[in-house]
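Novice: Questions regarding the structure given below will be posed in turn.
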Amino acid sequence: MTTRLEHNVADTRFEIYIDDTLAGYADYAERESPKVRDFHHTMTFPEFRGRGVAAQVVEYALDDSRESGFSVIPTCWYVEKYIAEHREYGDLVS
């Protein structure tokens with residue numbers, strides 16, 4: 001089983017693929033001034049639930065946001081929960 005994470009800039013979302021099948025994603029809206037990404041929805045398709053898919057894609061999205069100089073607004077309940085459980089991302093919250 002292979003896992004691939006991608007930033008789909010055109011669709012403003014971070015995606016996770018398992019064996020080349022889209023397994024889930026985290027949608028966001030982006031502002032440039034100030035640089036903020038508002039994560040408003042995280043989705044894991046039913047056949048991939050229970051495998052940590054959402055956690056992987058959110059971690060990737062938060063790491064990319066940090067590296068790109070963005071702060072985040074965790075509108076999505078899952079992103080908010082993930083940040084609360086992983087304090088190392090707390091500094092990203094706007």
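Identifiers in the structure tokens: chain A, B, ... in order shown; residue index from 1 per chain; ligand index from 1 in order shown.
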Could you give me, as a tab-separated table, a per-residue list for range 10-54 of chain A showing, wherever an atom lies at most 6 Å from an atom of range 69-89 of chain A, the closest pair of atoms and their distance in Å to one decimal, using only C-alpha atoms and sorting by chain then residue number from low to high?
Specialist:
residue	atom	partner	partner_atom	distance
A:Lys35	CA	A:Phe70	CA	4.9
A:Val36	CA	A:Ser71	CA	4.8
A:Arg37	CA	A:Val72	CA	4.8
A:Asp38	CA	A:Ile73	CA	4.5
A:Phe39	CA	A:Pro74	CA	5.3
A:His40	CA	A:Cys76	CA	4.4
A:His41	CA	A:Cys76	CA	5.1
Novice: Please, which residues of chain A, numbered as in this document, come out helix (DSSP H, G or I) from DSSP, as JSON, numbers by chain?
Specialist: {"A": [46, 47, 48, 53, 54, 55, 56, 57, 58, 59, 60, 61, 62, 63, 64, 65, 66, 67, 77, 78, 79, 80, 81, 82, 83, 84, 85, 87, 88, 89, 90, 91, 92]}
Novice: Output N, CA and C atoms of each residue in that selection to a file, as a CSV table (one decimal), in the first residue's frame.
Specialist:
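See out38.csv below for the written result:
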chain,number,residue,atom,x,y,z
A,46,PRO,N,-15.5,7.1,3.1
A,46,PRO,CA,-15.9,6.0,4.0
A,46,PRO,C,-15.0,4.8,4.0
A,47,GLU,N,-14.6,4.3,2.8
A,47,GLU,CA,-13.8,3.1,2.7
A,47,GLU,C,-12.4,3.3,3.3
A,48,PHE,N,-12.0,4.5,3.6
A,48,PHE,CA,-10.7,4.8,4.2
A,48,PHE,C,-10.7,5.2,5.6
A,53,VAL,N,-6.2,8.6,8.1
A,53,VAL,CA,-6.1,9.4,6.8
A,53,VAL,C,-6.3,10.9,7.1
A,54,ALA,N,-7.3,11.3,7.9
A,54,ALA,CA,-7.5,12.7,8.1
A,54,ALA,C,-6.3,13.3,8.9
A,55,ALA,N,-5.8,12.6,9.8
A,55,ALA,CA,-4.6,13.1,10.6
A,55,ALA,C,-3.4,13.3,9.7
A,56,GLN,N,-3.2,12.4,8.8
A,56,GLN,CA,-2.1,12.5,7.9
A,56,GLN,C,-2.2,13.8,7.0
A,57,VAL,N,-3.4,14.0,6.4
A,57,VAL,CA,-3.6,15.1,5.5
A,57,VAL,C,-3.5,16.4,6.2
A,58,VAL,N,-4.1,16.5,7.4
A,58,VAL,CA,-4.1,17.7,8.2
A,58,VAL,C,-2.6,18.0,8.6
A,59,GLU,N,-1.9,17.0,9.1
A,59,GLU,CA,-0.5,17.3,9.4
A,59,GLU,C,0.3,17.8,8.2
A,60,TYR,N,0.1,17.3,7.1
A,60,TYR,CA,0.8,17.7,5.8
A,60,TYR,C,0.4,19.2,5.5
A,61,ALA,N,-0.9,19.4,5.6
A,61,ALA,CA,-1.4,20.8,5.3
A,61,ALA,C,-0.9,21.8,6.3
A,62,LEU,N,-0.8,21.5,7.6
A,62,LEU,CA,-0.3,22.4,8.6
A,62,LEU,C,1.2,22.6,8.4
A,63,ASP,N,1.9,21.6,8.1
A,63,ASP,CA,3.4,21.7,7.8
A,63,ASP,C,3.6,22.6,6.6
A,64,ASP,N,2.9,22.4,5.5
A,64,ASP,CA,3.0,23.2,4.3
A,64,ASP,C,2.7,24.6,4.6
A,65,SER,N,1.6,24.9,5.4
A,65,SER,CA,1.2,26.2,5.7
A,65,SER,C,2.3,26.9,6.5
A,66,ARG,N,2.9,26.2,7.4
A,66,ARG,CA,4.0,26.8,8.2
A,66,ARG,C,5.2,27.1,7.3
A,67,GLU,N,5.6,26.2,6.5
A,67,GLU,CA,6.7,26.4,5.6
A,67,GLU,C,6.5,27.5,4.6
A,77,TRP,N,-13.9,21.5,12.4
A,77,TRP,CA,-13.8,20.9,13.8
A,77,TRP,C,-12.6,20.0,13.9
A,78,TYR,N,-12.4,19.2,12.8
A,78,TYR,CA,-11.3,18.2,12.9
A,78,TYR,C,-9.9,18.9,13.0
A,79,VAL,N,-9.7,19.9,12.2
A,79,VAL,CA,-8.5,20.7,12.2
A,79,VAL,C,-8.3,21.3,13.6
A,80,GLU,N,-9.4,21.9,14.1
A,80,GLU,CA,-9.3,22.5,15.5
A,80,GLU,C,-8.9,21.4,16.5
A,81,LYS,N,-9.5,20.3,16.4
A,81,LYS,CA,-9.2,19.2,17.4
A,81,LYS,C,-7.8,18.7,17.2
A,82,TYR,N,-7.3,18.6,16.0
A,82,TYR,CA,-6.0,18.1,15.7
A,82,TYR,C,-4.9,19.1,16.3
A,83,ILE,N,-5.2,20.4,16.1
A,83,ILE,CA,-4.2,21.4,16.7
A,83,ILE,C,-4.3,21.3,18.2
A,84,ALA,N,-5.4,21.1,18.8
A,84,ALA,CA,-5.5,21.1,20.3
A,84,ALA,C,-4.8,19.9,20.8
A,85,GLU,N,-4.7,18.8,20.0
A,85,GLU,CA,-4.1,17.5,20.5
A,85,GLU,C,-2.6,17.5,20.1
A,87,ARG,N,0.1,20.3,20.2
A,87,ARG,CA,0.4,21.6,20.6
A,87,ARG,C,1.5,22.3,19.7
A,88,GLU,N,2.3,21.5,19.1
A,88,GLU,CA,3.3,22.1,18.2
A,88,GLU,C,2.8,22.9,17.1
A,89,TYR,N,1.5,22.8,16.8
A,89,TYR,CA,0.9,23.6,15.8
A,89,TYR,C,0.1,24.8,16.3
A,90,GLY,N,0.0,24.9,17.6
A,90,GLY,CA,-0.7,26.0,18.2
A,90,GLY,C,-0.3,27.4,17.8
A,91,ASP,N,1.0,27.6,17.5
A,91,ASP,CA,1.4,28.9,17.1
A,91,ASP,C,1.0,29.3,15.7
A,92,LEU,N,0.4,28.4,14.9
A,92,LEU,CA,-0.1,28.7,13.6
A,92,LEU,C,-1.5,29.4,13.6
Novice: Using only C-alpha atoms, can you tell me which of A:Gly52, A:Met43, A:Leu5, A:Arg31 comes closest to Asp19 in chain A?
Specialist: A:Leu5
Novice: Between CA of Tyr17 in chain A and CA of Arg49 in chain A, what distance in Å does the model show, to one decimal?
Specialist: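 Computing it gives 12.9 Å between the two atoms.
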Novice: As an MDAnalysis selection string, list the residues of chain A assigned to strand (DSSP E or B) by DSSP on the backbone atoms of this structure.
Specialist: chainID A and resid 3:8 13:18 21:32 35:44 71:74 93
Novice: Can you measure CA of Phe45 in chain A to CA of Val93 in chain A for me? One decimal in Å is fine.
Specialist: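 Between these atoms lies a distance of 26.6 Å.
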